[in-house]
Amino acid sequence: MGVFIQQMVNGLTVGGIYALIALGYTMVYGVMRLINFAHGDLCILGAFVGLSILTGAAGGGHPGAALLLLAFVVSIVVIAVAGVVLERIAYRPLRKADRLAAVVSALGASLMIENGIMLVWGPQVHVFPSNLLPATTWHFAGATISFIQVMIILASLVLMAALYSFVNHTRFGTAIRAAAIDQDAARLMGINVNRVITSVFIIGPGLGAIGGLFIGIYYREAYFTMGWTYGLYAFIAAILGGIGNIPGAMLGGVLLGLFNAFAAGYVSSSWQDAITFGLLIVILLVRPTGLLGERVAEKV
C-alpha cells in the first residue's frame, strides 16, 4: 500500500506538469491545426528565466516567497511575449501555406530556442536552490508526501480548472471555441481571429512557463535539451487525451504521469518509458482519436 500511495502521489505530481504543458499543444492545434514543436523549449526557457531571477536577485541568500512569486510572474510574462513573437515570425506568414511548411518552421524555431538557451546559460546542468519551498513532509501508510508535491498538484488543478472555466464560460472563451470550429465563419460573426490566435500563444506558453518552473523546482535541475524531452511527453499526453481537446490534455497528462510512476515503482525505472509507450500504443489502437476524442469540426 505504501508503494502504491507513493507512486500515486509521484504520478499526480509529474502528471500535473505534463498536463500544464500539454494544454499549450492542444490549444494551438485546436485553433490553428498546427503542432507547435517549439512549445517544450519555451517551457524550459521559462525555467531558465525563473532560475536567473531566483539566483540573481537572492545573491546567494534565501530567495523567499516574494522572490519565488516574482520568478513565476516574470517567467510567465517573458514566455508569453516569446510565444507571441514566435507566432508572428514563424507561423503567421505560413498560415496559407502547406502544413508541412509550418511543421518545418516549428522544428526550426525549436532548435533556435534550444541553442539560444545553450548560448546564454551554457550547456552545463543548472541546479535550482534547495530552499525555495518548505521542506515539510507528511508520512501516510508508508508513503512520504512532500510540500512541493502537494503544491504542484494543487496549483495544477487550480490552473486547469481556471482555464476550463475561462474557455467554456466567458465571452472571449466562446470566441476561442468559435475560431477553433471555423475561422472564416468566426470572422463573419465579427470575431477577431488574429486576436484569438495571439491569446492562444499567450495562454499556452504562459502555462508552459509555470510547468517549466515546476520541473526545475521539483527535480532541482535544468539543462538546455530538457525542452525536447518534456515537450515530447506533453505532446503524447495531448494525443492520449485527444488533441485539440482541453479536458483531454488534462486527463492525458495525469494518466501519462501515473503510467510512468507505476511502471517505475512496480517494474523498473529503466523500463518505465517502454511500458508507458506500450500502453499508449494499445490505448490508441483501441481509440485512435484519444480517450476523449479529437476536437475536429465537421463542416456541413
# chains A, B, ... in the order shown; residues from 1 in each chain; ligands from 1

$ closest_atom_pairs --of "stretch 53-151 of chain A" --to "stretch 30-47 of chain A" --cutoff "12 Å" --atoms "only C-alpha atoms" --output "tab-separated table"
residue	atom	partner	partner_atom	distance
A:Ile53	CA	A:Ala47	CA	10.0
A:Leu54	CA	A:Ala47	CA	10.4
A:Leu68	CA	A:Ala47	CA	11.9
A:Ala71	CA	A:Ala47	CA	9.1
A:Phe72	CA	A:Gly46	CA	8.5
A:Val73	CA	A:Gly46	CA	10.2
A:Val74	CA	A:Gly46	CA	8.7
A:Ser75	CA	A:Gly46	CA	5.0
A:Ile76	CA	A:Gly46	CA	7.1
A:Val77	CA	A:Gly46	CA	9.3
A:Val78	CA	A:Gly46	CA	7.5
A:Ile79	CA	A:Gly46	CA	6.0
A:Ala80	CA	A:Leu42	CA	9.1
A:Val81	CA	A:Leu42	CA	10.6
A:Ala82	CA	A:Leu42	CA	7.7
A:Gly83	CA	A:Leu42	CA	7.6
A:Val84	CA	A:Leu42	CA	11.4
A:Val85	CA	A:Leu42	CA	11.7
A:Leu86	CA	A:Ala38	CA	8.8
A:Glu87	CA	A:Asn36	CA	9.5
A:Ala90	CA	A:Asn36	CA	10.2
A:Tyr91	CA	A:Leu34	CA	9.0
A:Arg92	CA	A:Met32	CA	10.2
A:Leu94	CA	A:Leu34	CA	10.8
A:Arg95	CA	A:Met32	CA	8.4
A:Lys96	CA	A:Met32	CA	11.0
A:Ala97	CA	A:Leu34	CA	11.9
A:Asp98	CA	A:Leu34	CA	11.0
A:Arg99	CA	A:Leu34	CA	7.6
A:Leu100	CA	A:Leu34	CA	9.7
A:Ala101	CA	A:Leu34	CA	10.6
A:Ala102	CA	A:Leu34	CA	7.3
A:Val103	CA	A:Ile35	CA	6.9
A:Val104	CA	A:Phe37	CA	9.2
A:Ser105	CA	A:Phe37	CA	9.0
A:Ala106	CA	A:Phe37	CA	5.3
A:Leu107	CA	A:Phe37	CA	5.8
A:Gly108	CA	A:Ala38	CA	8.1
A:Ala109	CA	A:Ala38	CA	5.8
A:Ser110	CA	A:Ala38	CA	4.0
A:Leu111	CA	A:Ala38	CA	7.8
A:Met112	CA	A:Ala38	CA	8.9
A:Ile113	CA	A:Asp41	CA	6.3
A:Glu114	CA	A:Asp41	CA	6.1
A:Asn115	CA	A:Asp41	CA	9.8
A:Gly116	CA	A:Leu45	CA	9.3
A:Ile117	CA	A:Leu45	CA	6.8
A:Met118	CA	A:Leu45	CA	10.2
A:Val120	CA	A:Leu45	CA	10.6
A:Trp121	CA	A:Leu45	CA	10.1
A:His126	CA	A:Ala47	CA	10.3
A:Val127	CA	A:Ala47	CA	11.0
A:Phe128	CA	A:Ala47	CA	9.6

$ select_by_dssp --residues "stretch 29-245 of chain A" --states "strand (DSSP E or B)" --output "PyMOL selection string"
chain A and resi 126-127+137-140+143-146+221-222

$ write_last_selection --atoms "all heavy atoms" --output "tab-separated table (two decimals), in the first residue's frame"
chain	number	residue	atom	x	y	z
A	126	HIS	N	22.15	23.24	-14.69
A	126	HIS	CA	21.98	24.29	-13.68
A	126	HIS	C	21.12	23.75	-12.54
A	126	HIS	O	20.10	23.11	-12.78
A	126	HIS	CB	21.33	25.52	-14.30
A	126	HIS	CG	22.20	26.23	-15.29
A	126	HIS	ND1	22.91	27.37	-15.00
A	126	HIS	CD2	22.50	25.94	-16.58
A	126	HIS	CE1	23.60	27.77	-16.05
A	126	HIS	NE2	23.36	26.90	-17.03
A	127	VAL	N	21.54	24.02	-11.32
A	127	VAL	CA	20.86	23.49	-10.14
A	127	VAL	C	20.01	24.58	-9.50
A	127	VAL	O	20.48	25.70	-9.26
A	127	VAL	CB	21.89	22.95	-9.12
A	127	VAL	CG1	21.17	22.42	-7.88
A	127	VAL	CG2	22.75	21.87	-9.75
A	137	THR	N	7.32	17.47	5.20
A	137	THR	CA	6.86	16.19	4.63
A	137	THR	C	5.81	15.58	5.54
A	137	THR	O	5.79	15.82	6.76
A	137	THR	CB	8.02	15.20	4.46
A	137	THR	OG1	8.66	14.97	5.73
A	137	THR	CG2	9.05	15.71	3.46
A	138	TRP	N	4.93	14.79	4.94
A	138	TRP	CA	3.93	14.06	5.69
A	138	TRP	C	4.08	12.57	5.38
A	138	TRP	O	4.36	12.19	4.24
A	138	TRP	CB	2.52	14.52	5.29
A	138	TRP	CG	2.25	15.96	5.61
A	138	TRP	CD1	1.79	16.47	6.78
A	138	TRP	CD2	2.42	17.07	4.72
A	138	TRP	NE1	1.65	17.84	6.68
A	138	TRP	CE2	2.04	18.24	5.43
A	138	TRP	CE3	2.86	17.20	3.40
A	138	TRP	CZ2	2.08	19.50	4.87
A	138	TRP	CZ3	2.91	18.47	2.84
A	138	TRP	CH2	2.53	19.59	3.56
A	139	HIS	N	3.89	11.77	6.39
A	139	HIS	CA	4.03	10.32	6.23
A	139	HIS	C	2.65	9.68	6.38
A	139	HIS	O	1.94	9.92	7.36
A	139	HIS	CB	5.00	9.75	7.27
A	139	HIS	CG	6.37	10.33	7.18
A	139	HIS	ND1	7.31	9.91	6.26
A	139	HIS	CD2	6.96	11.33	7.88
A	139	HIS	CE1	8.42	10.61	6.41
A	139	HIS	NE2	8.23	11.48	7.39
A	140	PHE	N	2.28	8.89	5.38
A	140	PHE	CA	0.96	8.28	5.40
A	140	PHE	C	1.05	6.87	4.82
A	140	PHE	O	1.43	6.68	3.66
A	140	PHE	CB	-0.03	9.12	4.58
A	140	PHE	CG	-1.40	8.52	4.47
A	140	PHE	CD1	-2.26	8.54	5.55
A	140	PHE	CD2	-1.82	7.91	3.29
A	140	PHE	CE1	-3.53	7.99	5.45
A	140	PHE	CE2	-3.08	7.36	3.19
A	140	PHE	CZ	-3.94	7.39	4.28
A	143	ALA	N	4.07	5.96	2.90
A	143	ALA	CA	4.45	6.86	1.83
A	143	ALA	C	4.87	8.21	2.41
A	143	ALA	O	4.39	8.63	3.46
A	143	ALA	CB	3.29	7.07	0.86
A	144	THR	N	5.78	8.88	1.72
A	144	THR	CA	6.25	10.21	2.12
A	144	THR	C	5.80	11.23	1.09
A	144	THR	O	6.14	11.13	-0.09
A	144	THR	CB	7.79	10.23	2.24
A	144	THR	OG1	8.21	9.26	3.20
A	144	THR	CG2	8.27	11.61	2.67
A	145	ILE	N	5.04	12.20	1.55
A	145	ILE	CA	4.49	13.23	0.67
A	145	ILE	C	5.11	14.55	1.05
A	145	ILE	O	5.04	14.97	2.22
A	145	ILE	CB	2.95	13.30	0.78
A	145	ILE	CG1	2.34	11.92	0.51
A	145	ILE	CG2	2.39	14.33	-0.18
A	145	ILE	CD1	0.86	11.82	0.84
A	146	SER	N	5.71	15.24	0.08
A	146	SER	CA	6.40	16.49	0.36
A	146	SER	C	5.50	17.69	0.07
A	146	SER	O	4.52	17.60	-0.67
A	146	SER	CB	7.68	16.59	-0.47
A	146	SER	OG	7.37	16.70	-1.85
A	221	GLU	N	16.87	20.87	-11.21
A	221	GLU	CA	17.88	21.00	-12.26
A	221	GLU	C	17.22	21.47	-13.55
A	221	GLU	O	16.01	21.34	-13.73
A	221	GLU	CB	18.60	19.67	-12.50
A	221	GLU	CG	17.71	18.57	-13.06
A	221	GLU	CD	18.48	17.30	-13.36
A	221	GLU	OE1	19.58	17.13	-12.81
A	221	GLU	OE2	17.98	16.46	-14.13
A	222	ALA	N	18.05	22.06	-14.41
A	222	ALA	CA	17.59	22.49	-15.73
A	222	ALA	C	18.77	22.46	-16.67
A	222	ALA	O	19.88	22.88	-16.31
A	222	ALA	CB	16.99	23.89	-15.66

$ closest_residue --among "A:Gly2, A:Gly56, A:Gly293, A:Gly212" --to "A:Ala234" --atoms "only C-alpha atoms"
A:Gly212

$ atom_distance --atom1 "atom CA of A:Ile210" --atom2 "atom CA of A:Gly16"
10.9 Å

$ residues_around --residues "A:Val167" --least-positions-apart "6" --cutoff "8 Å" --atoms "only C-alpha atoms" --output "list in words"
Gly173, Thr174, Ile176 and Arg177 of chain A

$ write_last_selection --atoms "N, CA and C atoms" --output "mmCIF file, in the first residue's frame"
data_model
loop_
_atom_site.group_PDB
_atom_site.id
_atom_site.type_symbol
_atom_site.label_atom_id
_atom_site.label_comp_id
_atom_site.auth_asym_id
_atom_site.auth_seq_id
_atom_site.Cartn_x
_atom_site.Cartn_y
_atom_site.Cartn_z
ATOM 1 N N GLY A 173 -13.706 33.215 -24.268
ATOM 2 C CA GLY A 173 -13.577 31.770 -24.414
ATOM 3 C C GLY A 173 -14.487 31.238 -25.505
ATOM 4 N N THR A 174 -15.679 31.819 -25.624
ATOM 5 C CA THR A 174 -16.581 31.445 -26.712
ATOM 6 C C THR A 174 -15.971 31.789 -28.064
ATOM 7 N N ILE A 176 -12.789 31.857 -28.733
ATOM 8 C CA ILE A 176 -11.741 30.859 -28.982
ATOM 9 C C ILE A 176 -12.351 29.578 -29.531
ATOM 10 N N ARG A 177 -13.453 29.134 -28.940
ATOM 11 C CA ARG A 177 -14.096 27.913 -29.413
ATOM 12 C C ARG A 177 -14.671 28.086 -30.804
#

$ atom_distance --atom1 "atom CA of A:Gly50" --atom2 "atom CA of A:Gly216"
9.1 Å

$ select_by_dssp --residues "stretch 46-216 of chain A" --states "helix (DSSP H, G or I)" --output "JSON, numbers by chain"
{"A": [46, 47, 48, 49, 50, 51, 52, 53, 54, 55, 56, 57, 58, 64, 65, 66, 67, 68, 69, 70, 71, 72, 73, 74, 75, 76, 77, 78, 79, 80, 81, 82, 83, 84, 85, 86, 87, 88, 89, 90, 91, 92, 93, 94, 99, 100, 101, 102, 103, 104, 105, 106, 107, 108, 109, 110, 111, 112, 113, 114, 115, 116, 117, 118, 119, 120, 121, 147, 148, 149, 150, 151, 152, 153, 154, 155, 156, 157, 158, 159, 160, 161, 162, 163, 164, 165, 166, 167, 168, 169, 171, 172, 173, 174, 175, 176, 177, 178, 179, 180, 181, 183, 184, 185, 186, 187, 188, 193, 194, 195, 196, 197, 198, 199, 200, 201, 202, 203, 204, 205, 206, 207, 208, 209, 210, 211, 212, 213, 214, 215, 216]}
